[in-house]
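A.B. asks: My file is start-v4.cif. It has mmCIF, C-alpha atoms:
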data_protein
loop_
_atom_site.label_atom_id
_atom_site.label_comp_id
_atom_site.auth_asym_id
_atom_site.auth_seq_id
_atom_site.Cartn_x
_atom_site.Cartn_y
_atom_site.Cartn_z
CA MET E 129 0.00 0.00 0.00
CA SER E 130 1.08 3.57 -0.50
CA HIS E 131 2.01 6.18 2.03
CA GLN E 132 0.27 8.75 -0.14
CA LEU E 133 -3.11 7.23 0.71
CA SER E 134 -3.35 5.48 4.05
CA ARG E 135 -4.76 7.45 6.95
CA ARG E 136 -3.16 4.95 9.34
CA ARG E 137 0.24 5.67 7.81
CA ILE E 138 -0.19 9.37 8.49
CA LEU E 139 -0.70 8.47 12.14
CA HIS E 140 2.37 6.25 12.14
CA LEU E 141 4.57 9.15 11.08
CA ALA E 142 3.83 10.80 14.41
CA THR E 143 4.50 7.75 16.54
CA ALA E 144 8.23 8.22 17.08
CA SER E 145 7.90 11.85 18.13
CA ALA E 146 4.94 11.03 20.35
CA ALA E 147 6.91 8.30 22.09
CA GLY E 148 9.70 10.74 22.78
CA LEU E 149 7.27 13.19 24.29
CA GLY E 150 6.11 10.96 27.09
CA LEU E 151 4.88 7.49 26.14
CA ALA E 152 8.05 5.98 27.55
CA ALA E 153 7.24 7.01 31.11
CA CYS E 154 4.06 6.84 33.14
CA GLY E 155 2.33 10.12 33.89
CA SER E 156 -0.38 10.91 36.38
CA GLY E 157 -2.74 12.37 33.80
CA GLY E 158 -5.23 13.24 36.48
CA SER E 159 -7.93 11.04 37.93
CA ASP E 160 -11.66 11.03 38.18
CA GLY E 161 -11.47 11.99 41.81
CA GLY E 162 -9.16 14.95 41.51
CA ALA E 163 -6.15 16.40 39.68
CA GLY E 164 -8.26 19.36 38.65
CA GLY E 165 -11.06 17.45 36.96
CA ALA E 166 -14.72 18.00 37.71
CA ASP E 167 -18.09 16.62 36.64
CA GLY E 168 -19.61 19.82 35.35
CA ASP E 169 -22.63 19.20 33.13
CA SER E 170 -22.92 22.61 31.49
CA GLY E 171 -20.76 25.28 29.91
CA LYS E 172 -18.39 25.24 26.97
CA ILE E 173 -16.53 22.07 26.01
CA THR E 174 -13.72 21.75 23.49
CA VAL E 175 -13.17 18.82 21.14
CA TRP E 176 -9.88 17.93 19.44
CA SER E 177 -9.99 16.14 16.10
CA TRP E 178 -8.50 16.50 12.61
CA THR E 179 -9.45 17.33 9.00
CA THR E 180 -12.63 15.70 7.68
CA ALA E 181 -13.41 14.06 11.02
CA ALA E 182 -13.37 17.45 12.73
CA GLU E 183 -15.70 18.83 10.07
CA ALA E 184 -18.01 15.88 10.58
CA LEU E 185 -18.13 16.51 14.32
CA ARG E 186 -19.01 20.14 13.72
CA GLY E 187 -22.09 18.91 11.88
CA VAL E 188 -23.36 17.33 15.11
CA VAL E 189 -22.98 20.50 17.18
CA PRO E 190 -26.21 22.35 16.17
CA SER E 191 -28.54 19.48 17.03
CA PHE E 192 -26.57 18.62 20.18
CA GLU E 193 -26.72 22.18 21.48
CA ARG E 194 -30.43 22.31 20.66
CA ASP E 195 -31.08 19.09 22.60
CA ASN E 196 -28.68 19.94 25.44
CA PRO E 197 -29.31 23.54 26.47
CA GLY E 198 -26.55 24.96 28.62
CA ILE E 199 -23.73 23.18 26.77
CA THR E 200 -21.81 24.73 23.88
CA VAL E 201 -19.23 22.88 21.80
CA ASP E 202 -16.05 24.11 20.11
CA VAL E 203 -14.60 21.52 17.70
CA GLN E 204 -10.95 22.28 16.91
CA ASP E 205 -9.08 20.81 13.94
CA LEU E 206 -5.52 20.36 15.19
CA GLY E 207 -4.32 18.63 12.06
CA ASN E 208 -2.76 15.24 11.69
CA PRO E 209 -0.15 14.35 12.96
CA ALA E 210 0.07 17.46 15.18
CA ILE E 211 -2.82 16.25 17.32
CA TRP E 212 -0.76 13.31 18.64
CA ASP E 213 2.02 15.51 19.97
CA LYS E 214 -0.49 17.77 21.71
CA ILE E 215 -2.40 14.90 23.31
CA THR E 216 0.81 13.15 24.39
CA VAL E 217 2.32 16.32 25.86
CA GLY E 218 -0.94 17.02 27.68
CA LEU E 219 -1.14 13.54 29.19
CA ALA E 220 2.54 13.57 30.15
CA SER E 221 2.03 16.87 32.00
CA GLY E 222 -0.85 15.55 34.08
CA GLY E 223 -3.61 16.56 31.70
CA LYS E 224 -2.62 20.21 31.49
CA GLY E 225 -4.08 21.99 28.48
CA LEU E 226 -6.05 19.05 27.11
CA ALA E 227 -9.41 19.48 25.43
CA ASP E 228 -12.48 18.00 27.11
CA VAL E 229 -13.10 15.49 24.29
CA LEU E 230 -10.26 13.78 22.41
CA HIS E 231 -10.38 11.90 19.10
CA ILE E 232 -7.81 9.07 19.31
CA GLY E 233 -6.78 6.30 16.91
CA VAL E 234 -6.51 2.63 17.81
CA ASP E 235 -2.74 2.78 17.39
CA TYR E 236 -2.47 5.35 20.19
CA LEU E 237 -5.32 4.59 22.61
CA PRO E 238 -3.83 1.37 24.13
CA GLY E 239 -0.52 3.13 24.74
CA TYR E 240 -2.21 6.07 26.41
CA LEU E 241 -4.26 3.79 28.66
CA GLN E 242 -1.14 1.85 29.59
CA LYS E 243 1.27 4.74 30.15
CA PHE E 244 -1.24 7.24 31.56
CA PRO E 245 -3.79 5.04 33.34
CA GLN E 246 -5.47 8.01 35.03
CA GLY E 247 -5.27 10.36 32.06
CA LEU E 248 -8.60 9.50 30.43
CA ALA E 249 -11.90 9.68 32.29
CA ASP E 250 -13.69 6.61 33.64
CA LEU E 251 -16.80 6.61 31.46
CA SER E 252 -18.23 3.50 33.10
CA ARG E 253 -19.42 5.55 36.03
CA LEU E 254 -21.24 7.80 33.56
CA GLY E 255 -23.07 4.89 31.96
CA ALA E 256 -20.82 3.85 29.08
CA ASP E 257 -21.01 0.13 29.92
CA ARG E 258 -24.52 -0.14 28.54
CA TYR E 259 -23.17 0.34 25.02
CA GLU E 260 -20.90 -2.72 25.03
CA ASP E 261 -23.04 -4.58 22.51
CA ALA E 262 -23.88 -1.55 20.38
CA PHE E 263 -20.68 -1.53 18.36
CA VAL E 264 -18.95 -3.82 15.88
CA GLN E 265 -17.46 -6.95 17.40
CA GLY E 266 -13.77 -6.68 18.25
CA LEU E 267 -13.67 -2.99 19.17
CA TRP E 268 -14.76 -3.06 22.80
CA PRO E 269 -11.57 -4.55 24.32
CA THR E 270 -9.64 -1.49 23.11
CA VAL E 271 -11.75 0.92 25.20
CA LEU E 272 -11.05 -0.90 28.46
CA GLY E 273 -8.23 0.28 30.69
CA GLN E 274 -6.22 -1.76 33.13
CA ASP E 275 -8.99 -1.01 35.64
CA ARG E 276 -11.44 -2.74 33.21
CA ALA E 277 -13.47 0.48 33.08
CA VAL E 278 -14.58 2.04 29.80
CA HIS E 279 -12.45 5.02 28.77
CA ALA E 280 -13.72 5.68 25.21
CA LEU E 281 -16.45 4.85 22.73
CA PRO E 282 -15.77 3.57 19.19
CA TRP E 283 -16.47 5.98 16.36
CA GLU E 284 -14.86 4.77 13.13
CA VAL E 285 -14.34 1.18 12.05
CA ASN E 286 -12.55 0.06 8.91
CA PRO E 287 -13.33 -3.41 7.58
CA LEU E 288 -10.90 -4.53 4.90
CA GLY E 289 -11.84 -4.98 1.26
CA LEU E 290 -10.04 -5.55 -2.04
CA PHE E 291 -10.73 -2.81 -4.57
CA TYR E 292 -9.96 -4.08 -8.06
CA ARG E 293 -10.10 -2.92 -11.67
CA HIS E 294 -13.13 -4.77 -13.04
CA ASP E 295 -12.17 -3.93 -16.63
CA PHE E 296 -8.66 -5.33 -16.17
CA PHE E 297 -9.96 -8.59 -14.74
CA GLU E 298 -12.44 -8.92 -17.60
CA LYS E 299 -9.76 -8.25 -20.22
CA ALA E 300 -7.52 -10.89 -18.65
CA GLY E 301 -10.38 -13.39 -18.38
CA VAL E 302 -10.04 -13.60 -14.59
CA ASP E 303 -13.18 -14.21 -12.55
CA PRO E 304 -12.80 -12.36 -9.23
CA ALA E 305 -15.24 -14.79 -7.59
CA SER E 306 -12.68 -17.55 -8.13
CA LEU E 307 -9.98 -15.71 -6.17
CA THR E 308 -10.56 -16.81 -2.60
CA SER E 309 -6.93 -16.66 -1.45
CA TRP E 310 -3.81 -14.66 -2.21
CA ASP E 311 -2.32 -17.85 -3.65
CA GLU E 312 -5.00 -17.75 -6.36
CA LEU E 313 -4.64 -14.03 -6.98
CA ILE E 314 -0.85 -14.35 -7.29
CA ALA E 315 -1.36 -17.18 -9.79
CA ALA E 316 -3.67 -14.92 -11.83
CA GLY E 317 -1.31 -11.95 -11.61
CA PRO E 318 0.79 -12.75 -14.71
CA ARG E 319 -2.38 -13.03 -16.84
CA ILE E 320 -3.58 -9.64 -15.62
CA ARG E 321 -0.18 -8.08 -16.23
CA ALA E 322 0.12 -9.61 -19.72
CA ALA E 323 -3.34 -8.39 -20.73
CA THR E 324 -3.22 -4.89 -19.20
CA GLY E 325 0.39 -4.03 -18.30
CA ALA E 326 -0.70 -3.53 -14.68
CA GLN E 327 0.98 -4.97 -11.63
CA LEU E 328 -1.24 -6.22 -8.82
CA LEU E 329 -0.48 -3.61 -6.17
CA GLY E 330 2.22 -1.29 -4.87
CA LEU E 331 4.45 -1.01 -1.81
CA ASP E 332 7.17 1.41 -0.75
CA LYS E 333 9.95 -1.13 -1.24
CA PRO E 334 12.92 0.77 0.26
CA GLY E 335 10.85 1.72 3.28
CA THR E 336 11.08 5.49 2.88
CA THR E 337 7.80 5.35 4.82
CA GLN E 338 6.64 2.60 7.15
CA ASP E 339 4.42 1.07 4.50
CA MET E 340 3.16 -1.81 6.61
CA ASP E 341 -0.62 -1.76 6.25
CA PHE E 342 -0.70 -4.64 3.77
CA PHE E 343 1.56 -6.80 5.95
CA GLN E 344 -0.64 -6.04 8.96
CA ASN E 345 -3.80 -6.75 6.98
CA LEU E 346 -2.51 -10.17 5.97
CA MET E 347 -1.85 -10.95 9.63
CA GLN E 348 -5.24 -9.60 10.72
CA LEU E 349 -6.97 -11.83 8.17
CA GLN E 350 -5.42 -14.69 10.15
CA GLY E 351 -6.56 -13.26 13.49
CA ALA E 352 -3.01 -12.24 14.40
CA PHE E 353 -0.91 -9.12 14.91
CA TYR E 354 2.45 -8.08 16.39
CA PHE E 355 1.15 -8.99 19.87
CA ASP E 356 -1.41 -11.48 21.13
CA ALA E 357 -4.28 -10.67 23.51
CA GLU E 358 -1.96 -11.01 26.51
CA GLY E 359 0.63 -8.67 25.01
CA ARG E 360 3.16 -11.36 24.11
CA ILE E 361 5.19 -10.85 20.94
CA THR E 362 3.93 -12.68 17.85
CA LEU E 363 6.07 -10.95 15.23
CA ALA E 364 7.73 -14.28 14.33
CA SER E 365 4.52 -16.30 14.42
CA PRO E 366 3.44 -18.54 11.51
CA ALA E 367 0.82 -15.91 10.62
CA ALA E 368 3.48 -13.19 10.37
CA VAL E 369 5.78 -15.43 8.32
CA GLN E 370 2.89 -16.27 5.98
CA ALA E 371 2.07 -12.57 5.55
CA LEU E 372 5.63 -11.64 4.61
CA THR E 373 5.91 -14.71 2.39
CA VAL E 374 2.88 -13.52 0.38
CA ILE E 375 4.60 -10.16 -0.07
CA LYS E 376 7.84 -11.85 -1.14
CA ARG E 377 6.00 -13.98 -3.70
CA LEU E 378 4.34 -10.89 -5.16
CA ASN E 379 7.69 -9.16 -5.42
CA ASP E 380 9.56 -12.16 -6.81
CA GLY E 381 6.83 -12.62 -9.42
CA GLY E 382 7.12 -9.05 -10.69
CA LEU E 383 3.62 -8.25 -9.46
CA LEU E 384 4.55 -5.54 -6.97
CA ALA E 385 5.14 -1.95 -8.05
CA ASP E 386 7.43 0.34 -6.04
CA THR E 387 5.48 3.31 -4.66
CA ALA E 388 8.39 5.07 -2.94
CA GLY E 389 8.30 8.80 -3.60
CA GLN E 390 5.69 11.46 -3.09
CA GLY E 391 2.57 10.92 -5.20
CA THR E 392 3.77 7.65 -6.76
CA TRP E 393 0.76 5.55 -5.80
CA LYS E 394 -1.71 8.14 -7.08
CA ARG E 395 0.20 8.50 -10.34
CA LEU E 396 0.30 4.73 -10.92
CA VAL E 397 -3.43 4.37 -10.27
CA GLY E 398 -4.18 7.31 -12.52
CA GLN E 399 -2.12 5.70 -15.28
CA GLY E 400 -3.87 2.36 -14.86
CA LYS E 401 -0.70 0.63 -13.66
CA LEU E 402 -2.20 -1.05 -10.57
CA ALA E 403 -4.93 -3.67 -10.74
CA THR E 404 -5.90 -3.87 -7.09
CA ALA E 405 -5.90 -1.80 -3.90
CA PRO E 406 -6.31 -3.70 -0.61
CA TYR E 407 -7.87 -0.94 1.45
CA PRO E 408 -10.53 -0.55 4.13
CA ALA E 409 -13.96 1.03 3.88
CA TRP E 410 -12.87 4.65 4.07
CA ALA E 411 -11.34 4.30 0.59
CA VAL E 412 -14.78 3.97 -1.02
CA GLU E 413 -15.19 7.70 -1.41
CA TYR E 414 -11.48 8.41 -1.68
CA LEU E 415 -11.13 6.50 -4.95
CA ALA E 416 -14.35 7.98 -6.32
CA THR E 417 -13.18 11.51 -5.50
CA LYS E 418 -9.56 11.22 -6.62
CA PHE E 419 -10.11 9.25 -9.85
CA PRO E 420 -13.51 10.34 -11.25
CA GLU E 421 -12.36 9.52 -14.79
CA GLN E 422 -12.24 5.84 -13.79
CA LYS E 423 -15.93 5.72 -12.94
CA GLY E 424 -17.40 2.29 -13.59
CA LYS E 425 -14.01 0.56 -13.76
CA TRP E 426 -13.61 -0.34 -10.09
CA ARG E 427 -15.35 -2.94 -7.94
CA VAL E 428 -14.89 -4.26 -4.39
CA MET E 429 -14.67 -7.85 -3.20
CA GLN E 430 -13.88 -9.57 0.06
CA PRO E 431 -10.12 -9.65 0.54
CA PRO E 432 -8.58 -12.96 -0.46
CA ALA E 433 -7.56 -15.13 2.48
CA ALA E 434 -3.93 -14.97 3.55
CA VAL E 435 -3.91 -18.78 3.63
CA PRO E 436 -6.09 -21.03 1.45
CA GLY E 437 -9.36 -21.68 3.24
CA GLY E 438 -8.64 -18.99 5.81
CA GLY E 439 -10.69 -16.04 6.99
CA ARG E 440 -11.63 -13.24 4.62
CA ALA E 441 -12.77 -10.60 7.11
CA ALA E 442 -10.68 -8.21 9.19
CA VAL E 443 -11.15 -4.94 11.02
CA VAL E 444 -7.86 -3.22 10.31
CA ASN E 445 -8.18 0.03 12.25
CA SER E 446 -10.59 2.19 14.22
CA THR E 447 -10.86 5.53 16.03
CA TYR E 448 -12.50 6.57 19.28
CA LEU E 449 -13.79 9.53 21.26
CA THR E 450 -12.75 9.87 24.88
CA VAL E 451 -12.89 12.43 27.70
CA SER E 452 -9.90 13.90 29.48
CA ALA E 453 -9.84 13.03 33.19
CA THR E 454 -8.85 16.63 33.95
CA SER E 455 -11.82 18.13 32.13
CA LYS E 456 -13.83 20.50 34.32
CA ARG E 457 -17.00 19.37 32.53
CA ARG E 458 -16.73 15.61 32.28
CA LYS E 459 -20.47 14.99 32.31
CA ALA E 460 -21.06 17.55 29.57
CA ALA E 461 -18.20 16.09 27.53
CA TRP E 462 -19.57 12.56 27.95
CA ARG E 463 -23.02 13.73 26.84
CA PHE E 464 -21.48 14.98 23.60
CA VAL E 465 -19.57 11.73 23.01
CA GLU E 466 -22.69 9.69 23.73
CA TYR E 467 -24.85 11.89 21.50
CA ALA E 468 -22.44 11.81 18.56
CA LEU E 469 -21.63 8.09 18.63
CA THR E 470 -24.77 6.27 19.78
CA LYS E 471 -27.49 8.01 17.74
CA PRO E 472 -27.74 6.53 14.22
CA ALA E 473 -28.97 9.78 12.68
CA GLU E 474 -26.02 11.75 14.03
CA ILE E 475 -23.32 9.24 13.20
CA ASN E 476 -24.71 8.79 9.69
CA ARG E 477 -24.72 12.56 9.23
CA MET E 478 -21.01 12.48 10.06
CA PHE E 479 -20.46 9.55 7.70
CA ALA E 480 -22.13 11.44 4.86
CA SER E 481 -19.97 14.51 5.40
CA GLY E 482 -16.59 12.94 6.10
CA GLY E 483 -16.54 9.32 5.00
CA VAL E 484 -15.87 8.05 8.53
CA PHE E 485 -17.36 4.54 8.42
CA PRO E 486 -19.40 4.18 11.62
CA ALA E 487 -18.78 1.53 14.26
CA LEU E 488 -22.37 1.74 15.57
CA GLU E 489 -24.23 -1.30 14.25
CA LYS E 490 -27.65 0.40 14.22
CA ALA E 491 -26.27 2.89 11.72
CA TYR E 492 -26.34 0.21 9.04
CA ASP E 493 -30.15 0.19 8.99
CA ASP E 494 -29.96 3.37 6.92
CA PRO E 495 -30.78 2.73 3.22
CA LYS E 496 -27.50 4.33 2.15
CA PHE E 497 -25.67 1.20 3.25
CA SER E 498 -27.52 -0.91 0.70
CA ALA E 499 -27.64 1.66 -2.11
CA PRO E 500 -25.81 1.13 -5.44
CA HIS E 501 -22.74 3.30 -5.98
CA PRO E 502 -22.32 4.76 -9.49
CA PHE E 503 -18.51 4.91 -9.34
CA TYR E 504 -18.45 1.15 -8.80
CA GLY E 505 -20.76 0.30 -11.69
CA GLY E 506 -23.82 0.28 -9.44
CA GLN E 507 -22.32 -2.24 -7.01
CA ARG E 508 -23.63 -2.00 -3.45
CA VAL E 509 -20.16 -1.46 -2.07
CA LEU E 510 -21.12 -0.31 1.41
CA ALA E 511 -23.28 -3.39 1.85
CA SER E 512 -20.25 -5.55 1.11
CA PHE E 513 -18.36 -3.94 3.98
CA VAL E 514 -21.32 -4.30 6.34
CA ASP E 515 -21.54 -7.97 5.41
CA SER E 516 -17.84 -8.33 6.17
CA LEU E 517 -18.37 -6.89 9.63
CA ALA E 518 -21.25 -9.26 10.27
CA SER E 519 -18.95 -12.24 9.79
CA GLY E 520 -16.92 -11.15 12.82
CA ALA E 521 -13.28 -10.24 13.25
CA SER E 522 -10.69 -10.66 15.98
CA ALA E 523 -9.73 -7.73 18.19
CA THR E 524 -6.27 -6.30 17.48
CA ASN E 525 -4.04 -5.61 20.48
CA PHE E 526 -1.82 -2.70 19.47
CA THR E 527 -0.33 -2.29 22.99
CA GLY E 528 1.86 0.59 24.05
CA ASP E 529 4.79 -0.84 22.08
CA TYR E 530 3.20 -0.70 18.64
CA SER E 531 5.64 1.90 17.32
CA ARG E 532 8.63 -0.31 18.16
CA ALA E 533 7.06 -3.36 16.52
CA LEU E 534 6.13 -1.32 13.46
CA LYS E 535 9.70 -0.09 12.96
CA LEU E 536 11.21 -3.56 13.26
CA ALA E 537 8.60 -5.13 10.97
CA ALA E 538 9.19 -2.40 8.38
CA ASP E 539 12.93 -3.08 8.43
CA ALA E 540 12.26 -6.80 7.98
CA GLN E 541 9.97 -6.16 5.02
CA THR E 542 12.56 -3.96 3.34
CA GLN E 543 15.19 -6.69 3.70
CA VAL E 544 12.84 -9.13 1.99
CA LEU E 545 11.89 -6.75 -0.83
CA LEU E 546 15.35 -5.36 -1.60
CA LYS E 547 17.67 -8.21 -0.61
CA GLY E 548 15.50 -11.29 -1.01
CA ALA E 549 15.87 -12.18 2.67
CA ASP E 550 14.08 -15.17 4.16
CA PRO E 551 10.82 -14.00 5.84
CA ALA E 552 11.10 -16.41 8.76
CA GLY E 553 14.69 -15.43 9.50
CA VAL E 554 14.24 -11.66 9.45
CA LEU E 555 11.04 -11.85 11.48
CA GLN E 556 12.66 -14.04 14.12
CA ALA E 557 15.48 -11.54 14.44
CA ALA E 558 12.98 -8.69 14.65
CA ALA E 559 10.94 -10.49 17.32
CA GLU E 560 14.05 -11.11 19.42
CA GLN E 561 15.04 -7.46 19.17
CA LEU E 562 11.50 -6.38 20.10
CA ALA E 563 11.66 -8.62 23.17
CA ARG E 564 14.93 -7.00 24.24
CA GLN E 565 13.56 -3.49 23.70
CA THR E 566 10.28 -4.02 25.54
CA GLY E 567 10.89 -6.77 28.07
CA ARG E 568 7.90 -8.64 26.65
CA GLN E 569 7.91 -12.40 26.23
CA GLN E 570 7.52 -14.03 22.86
CA ALA E 571 4.45 -16.20 22.47
CA ALA E 572 5.17 -19.90 22.19
#
As a first step, turn the structure in this file into structure tokens.
C.D. replies:
Amino acid sequence: MSHQLSRRRILHLATASAAGLGLAACGSGGSDGGAGGADGDSGKITVWSWTTAAEALRGVVPSFERDNPGITVDVQDLGNPAIWDKITVGLASGGKGLADVLHIGVDYLPGYLQKFPQGLADLSRLGADRYEDAFVQGLWPTVLGQDRAVHALPWEVNPLGLFYRHDFFEKAGVDPASLTSWDELIAAGPRIRAATGAQLLGLDKPGTTQDMDFFQNLMQLQGAFYFDAEGRITLASPAAVQALTVIKRLNDGGLLADTAGQGTWKRLVGQGKLATAPYPAWAVEYLATKFPEQKGKWRVMQPPAAVPGGGRAAVVNSTYLTVSATSKRRKAAWRFVEYALTKPAEINRMFASGGVFPALEKAYDDPKFSAPHPFYGGQRVLASFVDSLASGASATNFTGDYSRALKLAADAQTQVLLKGADPAGVLQAAAEQLARQTGRQQAA
């Protein structure tokens, strides 16, 4: 996948600086019983978010203020990745200067809960527990702190799909319905390339960015990640080795384009040089907006399994809204979070304005999720992602050491792509180094 596109990759760019600003040492971050916080239920609350998500949240404010007299809301777009430095600095300084409501990604939330266990408000005592079954399966474990209390609610969920050029597959005589695993897609790759000149997909081969979404997706399709549910290291697991082996086979077969360099992925797609894009649900509108001249040429299918006969559903990332423990108006802040994320009408209004695929299951009752999409030849693309979520997916444990694992995995991938290294060998070395850096045990 390309660093020019992935929203997760933008977050990853901030990880190293965020770690240096405080994630390496525990901070007090305040507590629900003191440290300057209070349970005010009126007044002005501030919300920190970024870009289209911030704009989407602003769309909720008029109806919220109408239904909650006495509370006003100021949504601030801090930009991405700047928001991560500000949140991390605030938590490391005991909650000083933090907004009342914080928008946090899944790759940061576990680290914040681990390193600043009192930094985010206990929402269980405000009633958050009753929403445990309201959201997509696999997201709830991430909102629980070490105290087992709820400290956030899910907002965005991103089920994985495989976007593909329908016209290329037709020209090559390849039936996408027959491609149930990456083994089968790799076997079809030379036919697609011979007929269209397109390679299957692109990766930043020299690792100028940490282009690891595809590797992670292949692991997540197997119910695995860098760490297991107990936080043990699984970077050298059979699932990880299989994921990197798939990538090596693509590269060795000449089916993998190099997307290093600013704008490379977009240029290759615009030129019709890539036949597939393994991306999550947020890319539905991205592709339609960025490549309008390719209307009717794209379709979406379930991602092929990483291993023949394996799972074909994965939730690859998510974002959350939480409340700072040092907020003076925790009840008012919680009311805004609850209003924005548990009311189908409100969360679908945000989805329509910003493309943030909702985690609230009741949202999918809206007809828009079963409507045909003209860019995709009338395919009901959103319905395909909803169906993927219904099949269930394992929770991903990012832990507070995600940034370290990401760096080591990226280095291993580059060795495979540029030097032809053995996937099992480089991943074993990476896992051992990760164990030394973190003090974590490797899973058996």
A.B. asks: Quick check on the file I pasted: which residues fall under the PyMOL selection byres ((chain E and resi 470-485) around 9)? Write them as a PyMOL selection string.
C.D. replies: chain E and resi 179-188+191+259+262-263+281+283-287+409-414+465-469+486-494
A.B. asks: Please produce an output containing C-alpha atoms for each residue in the selection, written as a PDB file, keeping the file's coordinate frame.
C.D. replies:
ATOM      1  CA  THR E 179      -9.450  17.330   9.000  1.00  0.00           C
ATOM      2  CA  THR E 180     -12.630  15.700   7.680  1.00  0.00           C
ATOM      3  CA  ALA E 181     -13.410  14.060  11.020  1.00  0.00           C
ATOM      4  CA  ALA E 182     -13.370  17.450  12.730  1.00  0.00           C
ATOM      5  CA  GLU E 183     -15.700  18.830  10.070  1.00  0.00           C
ATOM      6  CA  ALA E 184     -18.010  15.880  10.580  1.00  0.00           C
ATOM      7  CA  LEU E 185     -18.130  16.510  14.320  1.00  0.00           C
ATOM      8  CA  ARG E 186     -19.010  20.140  13.720  1.00  0.00           C
ATOM      9  CA  GLY E 187     -22.090  18.910  11.880  1.00  0.00           C
ATOM     10  CA  VAL E 188     -23.360  17.330  15.110  1.00  0.00           C
ATOM     11  CA  SER E 191     -28.540  19.480  17.030  1.00  0.00           C
ATOM     12  CA  TYR E 259     -23.170   0.340  25.020  1.00  0.00           C
ATOM     13  CA  ALA E 262     -23.880  -1.550  20.380  1.00  0.00           C
ATOM     14  CA  PHE E 263     -20.680  -1.530  18.360  1.00  0.00           C
ATOM     15  CA  LEU E 281     -16.450   4.850  22.730  1.00  0.00           C
ATOM     16  CA  TRP E 283     -16.470   5.980  16.360  1.00  0.00           C
ATOM     17  CA  GLU E 284     -14.860   4.770  13.130  1.00  0.00           C
ATOM     18  CA  VAL E 285     -14.340   1.180  12.050  1.00  0.00           C
ATOM     19  CA  ASN E 286     -12.550   0.060   8.910  1.00  0.00           C
ATOM     20  CA  PRO E 287     -13.330  -3.410   7.580  1.00  0.00           C
ATOM     21  CA  ALA E 409     -13.960   1.030   3.880  1.00  0.00           C
ATOM     22  CA  TRP E 410     -12.870   4.650   4.070  1.00  0.00           C
ATOM     23  CA  ALA E 411     -11.340   4.300   0.590  1.00  0.00           C
ATOM     24  CA  VAL E 412     -14.780   3.970  -1.020  1.00  0.00           C
ATOM     25  CA  GLU E 413     -15.190   7.700  -1.410  1.00  0.00           C
ATOM     26  CA  TYR E 414     -11.480   8.410  -1.680  1.00  0.00           C
ATOM     27  CA  VAL E 465     -19.570  11.730  23.010  1.00  0.00           C
ATOM     28  CA  GLU E 466     -22.690   9.690  23.730  1.00  0.00           C
ATOM     29  CA  TYR E 467     -24.850  11.890  21.500  1.00  0.00           C
ATOM     30  CA  ALA E 468     -22.440  11.810  18.560  1.00  0.00           C
ATOM     31  CA  LEU E 469     -21.630   8.090  18.630  1.00  0.00           C
ATOM     32  CA  PRO E 486     -19.400   4.180  11.620  1.00  0.00           C
ATOM     33  CA  ALA E 487     -18.780   1.530  14.260  1.00  0.00           C
ATOM     34  CA  LEU E 488     -22.370   1.740  15.570  1.00  0.00           C
ATOM     35  CA  GLU E 489     -24.230  -1.300  14.250  1.00  0.00           C
ATOM     36  CA  LYS E 490     -27.650   0.400  14.220  1.00  0.00           C
ATOM     37  CA  ALA E 491     -26.270   2.890  11.720  1.00  0.00           C
ATOM     38  CA  TYR E 492     -26.340   0.210   9.040  1.00  0.00           C
ATOM     39  CA  ASP E 493     -30.150   0.190   8.990  1.00  0.00           C
ATOM     40  CA  ASP E 494     -29.960   3.370   6.920  1.00  0.00           C
TER      41      ASP E 494
END
A.B. asks: Could you pull out every residue with an atom within 10 Å of (13.1, -4.9, 1.0), file coordinates, counting only C-alpha atoms, and send them as number ranges by chain?
C.D. replies: E: 331-335, 376, 379, 538-549
A.B. asks: Translate the PyMOL selection byres ((chain E and resi 551-553) around 6) into a concrete residue list for this structure, as a PyMOL selection string.
C.D. replies: chain E and resi 369+372+550+554-556
A.B. asks: Using the selection just defined, write its residues with C-alpha atoms as a PDB file, keeping the file's coordinate frame.
C.D. replies:
ATOM      1  CA  VAL E 369       5.780 -15.430   8.320  1.00  0.00           C
ATOM      2  CA  LEU E 372       5.630 -11.640   4.610  1.00  0.00           C
ATOM      3  CA  ASP E 550      14.080 -15.170   4.160  1.00  0.00           C
ATOM      4  CA  VAL E 554      14.240 -11.660   9.450  1.00  0.00           C
ATOM      5  CA  LEU E 555      11.040 -11.850  11.480  1.00  0.00           C
ATOM      6  CA  GLN E 556      12.660 -14.040  14.120  1.00  0.00           C
TER       7      GLN E 556
END
A.B. asks: I'd like the residues picked by the PyMOL selection byres ((chain E and resi 394) around 10) written out as a list in words, using the chain letters and numbers from the file.
C.D. replies: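 Going through the file, the PyMOL selection byres ((chain E and resi 394) around 10) ends up selecting Ser130, Gln132, Leu133, Thr387, Gln390, Gly391, Thr392, Trp393, Arg395, Leu396, Val397, Gly398, Gln399, Gly400, Leu402, Leu415, Lys418 and Phe419 of chain E.
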A.B. asks: Could you name the residues that touch Ser516 (chain E) at 9 Å or less, counting all atoms listed in the file, but leaving out those on the same chain fewer than 2 positions away, as an MDAnalysis selection string?
C.D. replies: chainID E and resid 287:289 430 440:443 511:514 518:521
A.B. asks: For CA of Tyr530 (chain E) and CA of Val278 (chain E), quote the distance in Å rounded to one decimal.
C.D. replies: 21.2 Å
A.B. asks: Quick check, in Å to one decimal: how far apart do CA of Trp176 (chain E) and CA of Gly198 (chain E) lie?
C.D. replies: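 So the answer is 20.3 Å.
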A.B. asks: Smallest atom-to-atom distance to Leu272 (chain E): which of E:Ala405, E:Pro502, E:Asn525, E:Ser455, using all atoms listed in the file?
C.D. replies: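 Using all atoms listed in the file, the shortest distance to Leu272 (chain E) belongs to E:Asn525.
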